[in-house]
Amino acid sequence: MIKAVIFDFDGLMIDTESLWFDAYYSIAKEEFGIEIKIEDFALAVGISEVPYLELIEKQVGHPIDRPSFLEKATKFFKENVQNIKPREGVTDYLEYAKANNLKIGLATSSTYDWVEKFLKQFNLFSYFSVIKTFDIVGTKKPNPKVYLEALKGLGVQASEAIAFEDSLNGYTAATGAGIHTIVVPNRLTKYIEFPEGTPSIPSMASVELKSFLKN
């Protein structure tokens with residue numbers, strides 16, 4: 001019986017990952033007149049900024065001033081993230097879980113301050129009884145530790161939980177912790193190749209949470 005639902009944050013609840021693509025795309029076009037392909041950018045999601053920069057350098061044909069580029073991309077991101085909204089269906093899932101007495105957790109490679117800021121901004125903070133982040137746990141996905149710690153905090157077994165993720169690293173972490181995981185890809189991560197048979201839905205607005213609780 002499912003007793004808990006665990007959510008990823010970046011890319012799943014708010015689509016910051018696609019916004020980072022927009023930032024790199026915009027600055028690369030402005031600085032070098034090139035257009036980065038979103039499907040190429042998607043391959044490096046959740047790793048580091050280095051593959052993104054190497055992708056740009058490959059297209060440009062020479063090394064670039066990486067610190068300067070990152071500074072401009074970060075400025076673009078910070079300006080535009082102010083307008084970001086939760087992804088479609090997120091609040092419905094949280095409402096349903098709460099109404100049906102499911103424990104709700106969050107497991108992310110982001111920091112606690114980052115997550116807390118947005119959850120409070122969108123009035124979603126109170127839904128979560130457990131929030132496990134990179135700075136609390138000490139490791140990032142695909143290491144399953146953040147999910148194992150979330151399970152421990154929620155007081156449930158892996159078989160009693162269901163997780164929602166958007167990236168391959170997240171999916172690997174959640175399934176590595178033994179949790180049945182549904183992928184909800186975003187505008188960027190839909191280009192990632194997941195293992196064959198990976199459960200996936202287009203958005204949380206397309207399939208109700210109760211559909212995954214029938215067991």
# chains A, B, ... in the order shown; residues from 1 in each chain; ligands from 1
$ select_by_dssp --residues "range 12-175 of chain A" --states "alpha helix (DSSP H)" --output "MDAnalysis selection string"
chainID A and resid 16:32 38:41 50:60 66:81 90:99 112:121 134:137 145:154 168:175
$ residues_around --residues "Ala158 in chain A" --least-positions-apart "6" --cutoff "9 Å" --atoms "only C-alpha atoms" --output "list in words"
Leu148, Leu151, Ala177, Gly178, Ile179 and His180 of chain A
$ closest_residue --among "A:Gly138, A:Pro144, A:Gly11, A:Gly170" --to "Leu188 in chain A" --atoms "only C-alpha atoms"
A:Gly11
$ select_by_dssp --residues "range 30-113 of chain A" --states "strand (DSSP E or B)" --output "list of chain:residue names"
A:Pro86, A:Lys103, A:Ile104, A:Gly105, A:Leu106, A:Ala107
$ write_last_selection --atoms "all heavy atoms" --output "mmCIF file, in the first residue's frame"
data_model
loop_
_atom_site.group_PDB
_atom_site.id
_atom_site.type_symbol
_atom_site.label_atom_id
_atom_site.label_comp_id
_atom_site.auth_asym_id
_atom_site.auth_seq_id
_atom_site.Cartn_x
_atom_site.Cartn_y
_atom_site.Cartn_z
ATOM 1 N N PRO A 86 4.950 27.147 -10.808
ATOM 2 C CA PRO A 86 4.954 25.684 -10.692
ATOM 3 C C PRO A 86 4.457 25.048 -11.989
ATOM 4 O O PRO A 86 3.614 25.621 -12.690
ATOM 5 C CB PRO A 86 3.983 25.407 -9.546
ATOM 6 C CG PRO A 86 3.965 26.662 -8.749
ATOM 7 C CD PRO A 86 4.133 27.765 -9.747
ATOM 8 N N LYS A 103 1.868 10.761 3.252
ATOM 9 C CA LYS A 103 3.019 11.551 3.685
ATOM 10 C C LYS A 103 3.684 12.128 2.432
ATOM 11 O O LYS A 103 3.767 11.450 1.401
ATOM 12 C CB LYS A 103 3.996 10.680 4.463
ATOM 13 C CG LYS A 103 3.403 10.142 5.768
ATOM 14 C CD LYS A 103 4.401 9.278 6.500
ATOM 15 C CE LYS A 103 3.832 8.765 7.809
ATOM 16 N NZ LYS A 103 4.799 7.933 8.553
ATOM 17 N N ILE A 104 4.161 13.359 2.526
ATOM 18 C CA ILE A 104 4.738 14.019 1.351
ATOM 19 C C ILE A 104 6.168 14.443 1.639
ATOM 20 O O ILE A 104 6.450 15.141 2.620
ATOM 21 C CB ILE A 104 3.904 15.256 0.943
ATOM 22 C CG1 ILE A 104 2.437 14.871 0.744
ATOM 23 C CG2 ILE A 104 4.474 15.873 -0.339
ATOM 24 C CD1 ILE A 104 1.514 16.058 0.500
ATOM 25 N N GLY A 105 7.079 13.994 0.764
ATOM 26 C CA GLY A 105 8.491 14.336 0.928
ATOM 27 C C GLY A 105 9.061 14.954 -0.325
ATOM 28 O O GLY A 105 8.469 14.884 -1.409
ATOM 29 N N LEU A 106 10.217 15.569 -0.175
ATOM 30 C CA LEU A 106 10.923 16.170 -1.306
ATOM 31 C C LEU A 106 12.375 15.717 -1.252
ATOM 32 O O LEU A 106 12.993 15.725 -0.181
ATOM 33 C CB LEU A 106 10.825 17.701 -1.228
ATOM 34 C CG LEU A 106 11.279 18.487 -2.457
ATOM 35 C CD1 LEU A 106 10.460 19.769 -2.597
ATOM 36 C CD2 LEU A 106 12.754 18.834 -2.376
ATOM 37 N N ALA A 107 12.903 15.304 -2.396
ATOM 38 C CA ALA A 107 14.295 14.838 -2.475
ATOM 39 C C ALA A 107 14.964 15.505 -3.669
ATOM 40 O O ALA A 107 14.553 15.301 -4.811
ATOM 41 C CB ALA A 107 14.332 13.315 -2.627
#
$ residues_around --residues "Ala205 in chain A" --least-positions-apart "3" --cutoff "8 Å" --atoms "only C-alpha atoms" --output "number ranges by chain"
A: 88-90, 92, 208
$ write_last_selection --atoms "N, CA, C and O atoms" --output "mmCIF file, in the first residue's frame"
data_model
loop_
_atom_site.group_PDB
_atom_site.id
_atom_site.type_symbol
_atom_site.label_atom_id
_atom_site.label_comp_id
_atom_site.auth_asym_id
_atom_site.auth_seq_id
_atom_site.Cartn_x
_atom_site.Cartn_y
_atom_site.Cartn_z
ATOM 1 N N GLU A 88 2.407 22.547 -14.434
ATOM 2 C CA GLU A 88 0.991 22.195 -14.469
ATOM 3 C C GLU A 88 0.712 20.915 -13.681
ATOM 4 O O GLU A 88 1.394 19.912 -13.850
ATOM 5 N N GLY A 89 -0.274 20.960 -12.810
ATOM 6 C CA GLY A 89 -0.703 19.773 -12.074
ATOM 7 C C GLY A 89 -0.005 19.542 -10.747
ATOM 8 O O GLY A 89 -0.449 18.701 -9.948
ATOM 9 N N VAL A 90 1.079 20.264 -10.482
ATOM 10 C CA VAL A 90 1.844 20.057 -9.243
ATOM 11 C C VAL A 90 0.965 20.273 -8.008
ATOM 12 O O VAL A 90 0.908 19.426 -7.105
ATOM 13 N N ASP A 92 -2.236 20.204 -7.746
ATOM 14 C CA ASP A 92 -3.300 19.184 -7.687
ATOM 15 C C ASP A 92 -2.787 17.907 -7.031
ATOM 16 O O ASP A 92 -3.491 17.284 -6.225
ATOM 17 N N GLU A 208 -4.141 11.806 -13.157
ATOM 18 C CA GLU A 208 -4.340 12.107 -11.738
ATOM 19 C C GLU A 208 -3.470 11.224 -10.847
ATOM 20 O O GLU A 208 -3.184 10.080 -11.189
#
$ residues_around --residues "Glu35 in chain A" --least-positions-apart "3" --cutoff "7 Å" --atoms "only C-alpha atoms" --output "VMD selection string"
chain A and resid 25 28 to 29
$ write_last_selection --atoms "N, CA and C atoms" --output "PDB file, in the first residue's frame"
ATOM      1  N   TYR A  25      21.292  29.374 -24.389  1.00  0.00           N
ATOM      2  CA  TYR A  25      20.925  29.595 -25.788  1.00  0.00           C
ATOM      3  C   TYR A  25      20.988  31.078 -26.138  1.00  0.00           C
ATOM      4  N   ALA A  28      24.672  32.454 -25.997  1.00  0.00           N
ATOM      5  CA  ALA A  28      25.472  31.896 -27.091  1.00  0.00           C
ATOM      6  C   ALA A  28      25.112  32.545 -28.426  1.00  0.00           C
ATOM      7  N   LYS A  29      23.828  32.788 -28.618  1.00  0.00           N
ATOM      8  CA  LYS A  29      23.380  33.423 -29.864  1.00  0.00           C
ATOM      9  C   LYS A  29      23.837  34.880 -29.914  1.00  0.00           C
TER      10      LYS A  29
END
$ residues_around --residues "Gly33 in chain A" --least-positions-apart "6" --cutoff "12 Å" --atoms "only C-alpha atoms" --output "list of chain:residue names"
A:Tyr25, A:Ser26, A:Ile27, A:Ile56, A:Gln59, A:Val60
$ write_last_selection --atoms "N, CA, C and O atoms" --output "PDB file, in the first residue's frame"
ATOM      1  N   TYR A  25      21.292  29.374 -24.389  1.00  0.00           N
ATOM      2  CA  TYR A  25      20.925  29.595 -25.788  1.00  0.00           C
ATOM      3  C   TYR A  25      20.988  31.078 -26.138  1.00  0.00           C
ATOM      4  O   TYR A  25      21.555  31.479 -27.148  1.00  0.00           O
ATOM      5  N   SER A  26      20.398  31.893 -25.270  1.00  0.00           N
ATOM      6  CA  SER A  26      20.320  33.332 -25.509  1.00  0.00           C
ATOM      7  C   SER A  26      21.707  33.981 -25.565  1.00  0.00           C
ATOM      8  O   SER A  26      22.009  34.751 -26.481  1.00  0.00           O
ATOM      9  N   ILE A  27      22.554  33.644 -24.586  1.00  0.00           N
ATOM     10  CA  ILE A  27      23.889  34.253 -24.532  1.00  0.00           C
ATOM     11  C   ILE A  27      24.769  33.740 -25.669  1.00  0.00           C
ATOM     12  O   ILE A  27      25.528  34.504 -26.276  1.00  0.00           O
ATOM     13  N   ILE A  56      29.242  24.481 -26.525  1.00  0.00           N
ATOM     14  CA  ILE A  56      29.313  25.795 -27.167  1.00  0.00           C
ATOM     15  C   ILE A  56      30.657  25.971 -27.873  1.00  0.00           C
ATOM     16  O   ILE A  56      30.723  26.419 -29.022  1.00  0.00           O
ATOM     17  N   GLN A  59      30.851  24.183 -31.131  1.00  0.00           N
ATOM     18  CA  GLN A  59      30.132  24.870 -32.205  1.00  0.00           C
ATOM     19  C   GLN A  59      30.858  26.137 -32.671  1.00  0.00           C
ATOM     20  O   GLN A  59      30.896  26.448 -33.850  1.00  0.00           O
ATOM     21  N   VAL A  60      31.452  26.845 -31.702  1.00  0.00           N
ATOM     22  CA  VAL A  60      32.169  28.080 -32.023  1.00  0.00           C
ATOM     23  C   VAL A  60      33.482  27.772 -32.742  1.00  0.00           C
ATOM     24  O   VAL A  60      33.918  28.513 -33.628  1.00  0.00           O
TER      25      VAL A  60
END
$ decode --residues "range 24-58 of chain A" --atoms "N, CA and C atoms" --output "CSV table (one decimal), in the first residue's frame"
chain,number,residue,atom,x,y,z
A,24,TYR,N,21.6,29.8,-21.6
A,24,TYR,CA,22.8,29.4,-22.5
A,24,TYR,C,22.5,29.7,-23.9
A,25,TYR,N,21.3,29.4,-24.4
A,25,TYR,CA,20.9,29.6,-25.8
A,25,TYR,C,21.0,31.1,-26.1
A,26,SER,N,20.4,31.9,-25.3
A,26,SER,CA,20.3,33.3,-25.5
A,26,SER,C,21.7,34.0,-25.6
A,27,ILE,N,22.6,33.6,-24.6
A,27,ILE,CA,23.9,34.3,-24.5
A,27,ILE,C,24.8,33.7,-25.7
A,28,ALA,N,24.7,32.5,-26.0
A,28,ALA,CA,25.5,31.9,-27.1
A,28,ALA,C,25.1,32.5,-28.4
A,29,LYS,N,23.8,32.8,-28.6
A,29,LYS,CA,23.4,33.4,-29.9
A,29,LYS,C,23.8,34.9,-29.9
A,30,GLU,N,23.7,35.5,-28.8
A,30,GLU,CA,24.1,37.0,-28.7
A,30,GLU,C,25.6,37.2,-28.9
A,31,GLU,N,26.4,36.3,-28.2
A,31,GLU,CA,27.8,36.4,-28.2
A,31,GLU,C,28.5,35.9,-29.5
A,32,PHE,N,28.0,34.7,-29.9
A,32,PHE,CA,28.7,34.0,-31.0
A,32,PHE,C,27.9,33.8,-32.2
A,33,GLY,N,26.6,34.1,-32.2
A,33,GLY,CA,25.8,33.9,-33.4
A,33,GLY,C,25.4,32.5,-33.7
A,34,ILE,N,25.5,31.6,-32.7
A,34,ILE,CA,25.2,30.2,-32.8
A,34,ILE,C,23.9,29.8,-32.1
A,35,GLU,N,23.3,28.8,-32.6
A,35,GLU,CA,22.1,28.3,-31.9
A,35,GLU,C,22.3,26.9,-31.4
A,36,ILE,N,22.2,26.8,-30.0
A,36,ILE,CA,22.4,25.5,-29.4
A,36,ILE,C,21.2,24.6,-29.6
A,37,LYS,N,21.3,23.4,-29.9
A,37,LYS,CA,20.2,22.5,-30.0
A,37,LYS,C,19.8,22.0,-28.6
A,38,ILE,N,18.5,22.1,-28.3
A,38,ILE,CA,18.0,21.7,-27.0
A,38,ILE,C,18.3,20.2,-26.8
A,39,GLU,N,18.2,19.4,-27.8
A,39,GLU,CA,18.4,17.9,-27.6
A,39,GLU,C,19.9,17.6,-27.2
A,40,ASP,N,20.8,18.4,-27.7
A,40,ASP,CA,22.2,18.3,-27.3
A,40,ASP,C,22.5,18.7,-25.9
A,41,PHE,N,21.8,19.8,-25.6
A,41,PHE,CA,21.9,20.4,-24.2
A,41,PHE,C,21.4,19.4,-23.2
A,42,ALA,N,20.3,18.7,-23.5
A,42,ALA,CA,19.7,17.8,-22.6
A,42,ALA,C,20.6,16.7,-22.1
A,43,LEU,N,21.6,16.3,-22.9
A,43,LEU,CA,22.4,15.2,-22.6
A,43,LEU,C,23.2,15.4,-21.3
A,44,ALA,N,23.4,16.7,-21.0
A,44,ALA,CA,24.3,17.1,-19.8
A,44,ALA,C,23.5,17.5,-18.6
A,45,VAL,N,22.2,17.3,-18.7
A,45,VAL,CA,21.3,17.7,-17.5
A,45,VAL,C,21.7,17.0,-16.2
A,46,GLY,N,21.9,17.8,-15.2
A,46,GLY,CA,22.2,17.2,-13.9
A,46,GLY,C,23.6,16.8,-13.7
A,47,ILE,N,24.5,17.2,-14.6
A,47,ILE,CA,25.9,16.8,-14.4
A,47,ILE,C,26.7,18.0,-13.9
A,48,SER,N,27.0,18.9,-14.8
A,48,SER,CA,27.7,20.2,-14.4
A,48,SER,C,27.6,21.1,-15.6
A,49,GLU,N,28.1,22.4,-15.4
A,49,GLU,CA,28.0,23.3,-16.5
A,49,GLU,C,29.1,23.0,-17.6
A,50,VAL,N,30.1,22.2,-17.2
A,50,VAL,CA,31.2,22.0,-18.2
A,50,VAL,C,30.8,21.4,-19.5
A,51,PRO,N,30.0,20.3,-19.5
A,51,PRO,CA,29.6,19.8,-20.9
A,51,PRO,C,28.8,20.9,-21.7
A,52,TYR,N,28.1,21.8,-21.0
A,52,TYR,CA,27.4,22.8,-21.8
A,52,TYR,C,28.4,23.8,-22.4
A,53,LEU,N,29.4,24.1,-21.7
A,53,LEU,CA,30.4,25.0,-22.2
A,53,LEU,C,31.2,24.4,-23.3
A,54,GLU,N,31.5,23.1,-23.2
A,54,GLU,CA,32.2,22.4,-24.2
A,54,GLU,C,31.4,22.3,-25.5
A,55,LEU,N,30.1,22.1,-25.3
A,55,LEU,CA,29.2,22.1,-26.5
A,55,LEU,C,29.2,23.4,-27.2
A,56,ILE,N,29.2,24.5,-26.5
A,56,ILE,CA,29.3,25.8,-27.2
A,56,ILE,C,30.7,26.0,-27.9
A,57,GLU,N,31.7,25.6,-27.2
A,57,GLU,CA,33.1,25.7,-27.8
A,57,GLU,C,33.2,24.9,-29.0
A,58,LYS,N,32.6,23.7,-29.0
A,58,LYS,CA,32.7,22.9,-30.2
A,58,LYS,C,32.0,23.5,-31.4
